[in-house]
Each structure stands twice: as C-alpha cells, then as structure tokens.
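The next block is model-v3.pdb, given as PDB, C-alpha atoms.
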```
ATOM      1  CA  MET A   1     134.944  66.906-208.090
ATOM      2  CA  PRO A   2     133.216  68.372-205.037
ATOM      3  CA  ARG A   3     131.490  71.704-205.486
ATOM      4  CA  VAL A   4     132.589  74.421-203.081
ATOM      5  CA  ARG A   5     132.321  78.112-202.431
ATOM      6  CA  GLN A   6     134.816  80.399-200.763
ATOM      7  CA  VAL A   7     134.020  81.599-197.255
ATOM      8  CA  GLU A   8     136.007  84.041-195.155
ATOM      9  CA  ARG A   9     137.985  82.188-192.482
ATOM     10  CA  SER A  10     136.602  84.479-189.772
ATOM     11  CA  ARG A  11     133.091  83.128-190.446
ATOM     12  CA  TYR A  12     133.902  79.595-189.240
ATOM     13  CA  HIS A  13     132.408  80.468-185.842
ATOM     14  CA  ILE A  14     128.927  80.760-187.390
ATOM     15  CA  TYR A  15     129.056  77.082-188.321
ATOM     16  CA  TRP A  16     130.694  76.144-185.035
ATOM     17  CA  ASP A  17     128.013  77.944-183.032
ATOM     18  CA  ARG A  18     125.363  76.025-185.000
ATOM     19  CA  ALA A  19     127.176  72.746-184.354
ATOM     20  CA  THR A  20     127.255  73.527-180.642
ATOM     21  CA  GLU A  21     123.539  74.320-180.546
ATOM     22  CA  PHE A  22     122.700  71.094-182.383
ATOM     23  CA  ARG A  23     124.967  69.154-180.009
ATOM     24  CA  ASP A  24     123.329  70.701-176.973
ATOM     25  CA  ILE A  25     119.817  69.871-178.224
ATOM     26  CA  MET A  26     121.035  66.376-179.180
ATOM     27  CA  ARG A  27     122.127  65.849-175.577
ATOM     28  CA  ILE A  28     118.823  67.094-174.163
ATOM     29  CA  ALA A  29     116.889  64.859-176.558
ATOM     30  CA  THR A  30     119.073  61.901-175.574
ATOM     31  CA  GLU A  31     118.436  62.523-171.862
ATOM     32  CA  ARG A  32     114.683  62.566-172.542
ATOM     33  CA  ALA A  33     114.808  59.497-174.815
ATOM     34  CA  TRP A  34     113.581  61.490-177.816
ATOM     35  CA  TRP A  35     115.574  59.275-180.160
ATOM     36  CA  SER A  36     114.542  60.726-183.517
ATOM     37  CA  ALA A  37     115.264  64.256-182.306
ATOM     38  CA  ALA A  38     118.581  63.164-180.823
ATOM     39  CA  ALA A  39     119.670  61.478-184.052
ATOM     40  CA  LEU A  40     118.522  64.276-186.352
ATOM     41  CA  ASN A  41     120.293  66.890-184.239
ATOM     42  CA  ALA A  42     123.383  64.663-184.263
ATOM     43  CA  ILE A  43     123.320  64.684-188.077
ATOM     44  CA  HIS A  44     123.027  68.470-188.130
ATOM     45  CA  CYS A  45     125.823  68.733-185.554
ATOM     46  CA  LEU A  46     128.078  66.641-187.797
ATOM     47  CA  ILE A  47     127.343  68.760-190.872
ATOM     48  CA  SER A  48     127.851  72.097-189.107
ATOM     49  CA  ALA A  49     131.023  70.985-187.313
ATOM     50  CA  ALA A  50     132.478  69.754-190.615
ATOM     51  CA  ASP A  51     131.594  73.076-192.229
ATOM     52  CA  ALA A  52     133.299  74.953-189.387
ATOM     53  CA  VAL A  53     136.528  73.000-189.844
ATOM     54  CA  LEU A  54     136.451  73.411-193.628
ATOM     55  CA  VAL A  55     135.868  77.149-193.387
ATOM     56  CA  PHE A  56     138.617  77.631-190.821
ATOM     57  CA  ARG A  57     141.210  75.351-192.402
ATOM     58  CA  GLN A  58     140.516  75.734-196.130
ATOM     59  CA  THR A  59     138.225  78.796-196.409
ATOM     60  CA  ILE A  60     135.676  76.719-198.321
ATOM     61  CA  ARG A  61     132.299  75.160-197.739
ATOM     62  CA  SER A  62     130.785  72.289-199.675
ATOM     63  CA  THR A  63     127.837  73.209-201.880
ATOM     64  CA  GLY A  64     127.336  69.727-203.298
ATOM     65  CA  GLU A  65     124.071  67.842-203.210
ATOM     66  CA  GLY A  66     125.415  65.071-201.005
ATOM     67  CA  HIS A  67     126.766  65.665-197.537
ATOM     68  CA  LEU A  68     129.368  62.941-198.041
ATOM     69  CA  GLU A  69     131.377  65.264-200.322
ATOM     70  CA  VAL A  70     132.561  67.095-197.222
ATOM     71  CA  ILE A  71     134.505  63.980-196.221
ATOM     72  CA  ASP A  72     136.626  64.197-199.368
ATOM     73  CA  LEU A  73     137.227  67.888-198.770
ATOM     74  CA  LEU A  74     138.306  67.373-195.161
ATOM     75  CA  GLY A  75     140.556  64.497-196.218
ATOM     76  CA  ARG A  76     142.591  66.837-198.402
ATOM     77  CA  ASP A  77     143.982  68.548-195.307
ATOM     78  CA  ARG A  78     146.743  66.087-194.419
ATOM     79  CA  ASP A  79     148.028  68.354-191.625
ATOM     80  CA  LEU A  80     144.943  67.706-189.506
ATOM     81  CA  SER A  81     145.734  65.302-186.704
ATOM     82  CA  GLY A  82     143.338  62.380-186.492
ATOM     83  CA  ILE A  83     141.616  63.164-189.789
ATOM     84  CA  ALA A  84     141.113  59.517-190.808
ATOM     85  CA  ARG A  85     139.369  58.546-187.575
ATOM     86  CA  ALA A  86     137.346  61.783-187.538
ATOM     87  CA  THR A  87     136.099  61.370-191.088
ATOM     88  CA  GLY A  88     135.179  57.786-190.203
ATOM     89  CA  HIS A  89     132.829  59.102-187.526
ATOM     90  CA  LEU A  90     131.507  61.700-189.939
ATOM     91  CA  ARG A  91     130.910  59.111-192.661
ATOM     92  CA  LYS A  92     129.165  56.656-190.331
ATOM     93  CA  GLY A  93     126.914  59.346-188.899
ATOM     94  CA  LEU A  94     125.989  60.921-192.221
ATOM     95  CA  ALA A  95     125.316  57.517-193.770
ATOM     96  CA  LYS A  96     122.301  57.263-191.451
ATOM     97  CA  LYS A  97     120.722  60.566-192.510
ATOM     98  CA  ASN A  98     118.118  58.997-194.798
ATOM     99  CA  LEU A  99     117.156  56.511-192.116
ATOM    100  CA  VAL A 100     116.668  59.277-189.572
ATOM    101  CA  ALA A 101     114.923  61.817-191.764
ATOM    102  CA  TYR A 102     113.052  59.972-194.465
ATOM    103  CA  GLU A 103     112.379  56.279-193.833
ATOM    104  CA  ASP A 104     108.930  55.221-192.703
ATOM    105  CA  ARG A 105     110.005  53.228-189.676
ATOM    106  CA  GLU A 106     110.897  54.032-186.107
ATOM    107  CA  LEU A 107     114.532  54.597-185.350
ATOM    108  CA  SER A 108     115.787  52.076-182.802
ATOM    109  CA  VAL A 109     117.369  53.240-179.584
ATOM    110  CA  SER A 110     120.658  51.558-180.510
ATOM    111  CA  GLU A 111     120.693  53.248-183.933
ATOM    112  CA  ALA A 112     120.070  56.643-182.362
ATOM    113  CA  LYS A 113     122.755  56.104-179.716
ATOM    114  CA  GLU A 114     125.239  55.078-182.401
ATOM    115  CA  ILE A 115     124.611  58.263-184.410
ATOM    116  CA  VAL A 116     124.861  60.395-181.266
ATOM    117  CA  ASP A 117     128.156  58.704-180.376
ATOM    118  CA  HIS A 118     129.611  59.474-183.816
ATOM    119  CA  ALA A 119     128.488  63.093-183.494
ATOM    120  CA  GLU A 120     130.026  63.434-180.023
ATOM    121  CA  ARG A 121     133.339  62.009-181.218
ATOM    122  CA  PHE A 122     133.461  64.129-184.362
ATOM    123  CA  TYR A 123     132.506  67.257-182.425
ATOM    124  CA  ALA A 124     135.280  66.606-179.890
ATOM    125  CA  TRP A 125     137.799  66.160-182.703
ATOM    126  CA  ALA A 126     136.594  69.325-184.473
ATOM    127  CA  SER A 127     136.888  71.341-181.263
ATOM    128  CA  ASN A 128     140.584  70.475-181.222
ATOM    129  CA  ALA A 129     140.990  71.386-184.902
ATOM    130  CA  LEU A 130     139.615  74.885-184.289
ATOM    131  CA  PRO A 131     141.039  77.762-182.256
ATOM    132  CA  ARG A 132     139.906  78.233-178.700
ATOM    133  CA  PRO A 133     137.354  81.014-178.229
ATOM    134  CA  THR A 134     138.707  84.259-176.824
ATOM    135  CA  GLY A 135     137.023  86.473-174.294
TER     136      GLY A 135
END
```
Please, can you express the file's structure as structure tokens?
Amino acid sequence: MPRVRQVERSRYHIYWDRATEFRDIMRIATERAWWSAAALNAIHCLISAADAVLVFRQTIRSTGEGHLEVIDLLGRDRDLSGIARATGHLRKGLAKKNLVAYEDRELSVSEAKEIVDHAERFYAWASNALPRPTG
C-alpha cells in the first residue's frame, strides 16, 4: 500500500509552480543540447506535476521510497480524463530516472528526447486536470 500524507488542496500550486520551473529549464537545456540536464529536469517535472494533481484531486502526496507509487495513487481517480495514457507517460519517464541520475554512462540524445517528450505530454495532461490560474 502506498504511503501518503495529507496536504491541503490549496497547496497544489506549490508543486505545480515547481513542475513549471523544471519544465522551463528542461526546454532551455533541450535547446542547448544539454541532454543530461534536460532529462533530469524532465524527471523532476514529472514528479512535481504528479504531486500537483494528487494534492488538488485527492489532497494527498506520496511519501513512499519509490516514485512509481504515485502512478498507483493517480490511477485511483477514475474521474480523471485520460488517466491511463497520462500515467503511461509518467511511468515511462520515471523508469529512466536511474539511468539519468546514477548510471556511469552518457545519456544518448534519443534517450533524453524520449524522456523530455514524456514529460511534455504528462505536463500538458496535468495542466488540463488542474484549475486555470486566476489573476
């Protein structure tokens, strides 16, 4: 059973703002062909965007050791449109975290682009699952 903690719904924007910053840096790194930076920021974008959706929709955040637990938590919300495809992008991106952060080999351009693509798609989905900013 995934470990979680309660978080006030109104705090989802903290995670969403982080996701947006990571996405923005991911895009800059991609433009400059900084592939490790692009991929690592994509991973962080995925994690923060998933946290934002969980906090907004379920008022919880995963506290488990593995980031893949968040996929199970998101999947519980059957009212979310496109959840299966979105969690597929999340799963595929997060599955590459060890490669990006810990393996002692260079990340290939195609691997980095694949992770960035999953992050972009998940971020776009999450933006539709969250309320539009006001003001």
From A:Ala38, A:Gln6, A:Glu21, A:Ile14, residue lying nearest Ala101 in chain A [all atoms listed in the file]: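 The shortest atom-to-atom distance to Ala101 in chain A comes from A:Ala38.
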Explicit residues for the PyMOL selection byres ((chain A and resi 9) around 8) (as a PyMOL selection string): chain A and resi 7-8+10-12+55-59
Can I get the selection written as a short mmCIF file (atom, residue, chain, number, x, y, z; two decimals), in the frame of the given file, with C-alpha atoms?
```
data_model
loop_
_atom_site.label_atom_id
_atom_site.label_comp_id
_atom_site.auth_asym_id
_atom_site.auth_seq_id
_atom_site.Cartn_x
_atom_site.Cartn_y
_atom_site.Cartn_z
CA VAL A 7 134.02 81.60 -197.26
CA GLU A 8 136.01 84.04 -195.16
CA SER A 10 136.60 84.48 -189.77
CA ARG A 11 133.09 83.13 -190.45
CA TYR A 12 133.90 79.60 -189.24
CA VAL A 55 135.87 77.15 -193.39
CA PHE A 56 138.62 77.63 -190.82
CA ARG A 57 141.21 75.35 -192.40
CA GLN A 58 140.52 75.73 -196.13
CA THR A 59 138.22 78.80 -196.41
#
```
Answer as a ChimeraX atom specification, residues within 12 Å of (141.7, 65.4, -193.6) using only C-alpha atoms: /A:50,53-54,57-58,70-88,90,125-126,129
Selection: 12 Å around Leu99 in chain A, only C-alpha atoms, excl. self and same-chain fewer than 6 positions, as a list of chain:residue names: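 Listing them by chain and then by number gives A:Ser36, A:Ala39, A:Leu40, A:Ile43, A:Gly93, A:Arg105, A:Glu106, A:Leu107, A:Ser108, A:Glu111, A:Ala112, A:Ile115.
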Residue nearest Ile60 in chain A among A:Val4, A:Val109, A:Ala119, A:Ala124 (counting all atoms listed in the file):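 When distances to Ile60 in chain A are compared using all atoms listed in the file, the smallest one comes from A:Val4.
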As a compact mmCIF listing (two decimals), keeping the file's coordinate frame, could you write out range 29-64 of chain A once it has been completed with N, CA and C atoms?
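Writing done, so here's result.txt:
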```txt
# COMPACT_ATOMS: atom_id res chain seq x y z
N ALA A 29 117.78 65.87 -175.98
CA ALA A 29 116.89 64.86 -176.56
C ALA A 29 117.30 63.45 -176.12
N THR A 30 118.59 63.21 -176.03
CA THR A 30 119.07 61.90 -175.57
C THR A 30 118.66 61.65 -174.13
N GLU A 31 118.82 62.66 -173.27
CA GLU A 31 118.44 62.52 -171.86
C GLU A 31 116.95 62.22 -171.71
N ARG A 32 116.14 62.75 -172.62
CA ARG A 32 114.68 62.57 -172.54
C ARG A 32 114.19 61.38 -173.37
N ALA A 33 115.14 60.66 -173.97
CA ALA A 33 114.81 59.50 -174.82
C ALA A 33 113.96 59.88 -176.02
N TRP A 34 114.22 61.04 -176.57
CA TRP A 34 113.58 61.49 -177.82
C TRP A 34 114.55 61.10 -178.93
N TRP A 35 114.52 59.84 -179.32
CA TRP A 35 115.57 59.28 -180.16
C TRP A 35 115.63 59.85 -181.57
N SER A 36 114.50 60.12 -182.18
CA SER A 36 114.54 60.73 -183.52
C SER A 36 115.13 62.13 -183.46
N ALA A 37 114.73 62.90 -182.47
CA ALA A 37 115.26 64.26 -182.31
C ALA A 37 116.76 64.22 -182.00
N ALA A 38 117.16 63.28 -181.16
CA ALA A 38 118.58 63.16 -180.82
C ALA A 38 119.39 62.85 -182.07
N ALA A 39 118.93 61.88 -182.86
CA ALA A 39 119.67 61.48 -184.05
C ALA A 39 119.68 62.57 -185.12
N LEU A 40 118.56 63.23 -185.33
CA LEU A 40 118.52 64.28 -186.35
C LEU A 40 119.40 65.47 -185.96
N ASN A 41 119.40 65.82 -184.69
CA ASN A 41 120.29 66.89 -184.24
C ASN A 41 121.75 66.45 -184.30
N ALA A 42 122.02 65.18 -184.11
CA ALA A 42 123.38 64.66 -184.26
C ALA A 42 123.85 64.83 -185.70
N ILE A 43 122.98 64.52 -186.66
CA ILE A 43 123.32 64.68 -188.08
C ILE A 43 123.64 66.15 -188.37
N HIS A 44 122.79 67.04 -187.89
CA HIS A 44 123.03 68.47 -188.13
C HIS A 44 124.29 68.96 -187.43
N CYS A 45 124.58 68.41 -186.26
CA CYS A 45 125.82 68.73 -185.55
C CYS A 45 127.03 68.33 -186.39
N LEU A 46 126.99 67.13 -186.95
CA LEU A 46 128.08 66.64 -187.80
C LEU A 46 128.31 67.57 -188.99
N ILE A 47 127.24 67.92 -189.67
CA ILE A 47 127.34 68.76 -190.87
C ILE A 47 127.92 70.13 -190.52
N SER A 48 127.39 70.76 -189.48
CA SER A 48 127.85 72.10 -189.11
C SER A 48 129.28 72.09 -188.58
N ALA A 49 129.65 71.07 -187.82
CA ALA A 49 131.02 70.98 -187.31
C ALA A 49 131.99 70.78 -188.47
N ALA A 50 131.62 69.95 -189.44
CA ALA A 50 132.48 69.75 -190.62
C ALA A 50 132.62 71.05 -191.40
N ASP A 51 131.53 71.78 -191.54
CA ASP A 51 131.59 73.08 -192.23
C ASP A 51 132.52 74.04 -191.49
N ALA A 52 132.44 74.06 -190.17
CA ALA A 52 133.30 74.95 -189.39
C ALA A 52 134.77 74.65 -189.63
N VAL A 53 135.13 73.38 -189.62
CA VAL A 53 136.53 73.00 -189.84
C VAL A 53 136.96 73.35 -191.26
N LEU A 54 136.11 73.07 -192.24
CA LEU A 54 136.45 73.41 -193.63
C LEU A 54 136.65 74.90 -193.81
N VAL A 55 135.75 75.69 -193.24
CA VAL A 55 135.87 77.15 -193.39
C VAL A 55 137.14 77.65 -192.72
N PHE A 56 137.42 77.17 -191.52
CA PHE A 56 138.62 77.63 -190.82
C PHE A 56 139.90 77.17 -191.51
N ARG A 57 139.96 75.92 -191.88
CA ARG A 57 141.21 75.35 -192.40
C ARG A 57 141.44 75.63 -193.88
N GLN A 58 140.35 75.64 -194.68
CA GLN A 58 140.52 75.73 -196.13
C GLN A 58 139.76 76.91 -196.76
N THR A 59 139.06 77.67 -195.96
CA THR A 59 138.22 78.80 -196.41
C THR A 59 137.25 78.39 -197.52
N ILE A 60 136.69 77.19 -197.38
CA ILE A 60 135.68 76.72 -198.32
C ILE A 60 134.55 76.05 -197.56
N ARG A 61 133.45 75.90 -198.26
CA ARG A 61 132.30 75.16 -197.74
C ARG A 61 131.73 74.36 -198.89
N SER A 62 131.35 73.14 -198.64
CA SER A 62 130.78 72.29 -199.68
C SER A 62 129.41 72.80 -200.08
N THR A 63 129.15 72.83 -201.37
CA THR A 63 127.84 73.21 -201.88
C THR A 63 127.22 72.06 -202.68
N GLY A 64 127.82 70.89 -202.56
CA GLY A 64 127.34 69.73 -203.30
C GLY A 64 126.01 69.22 -202.78
```
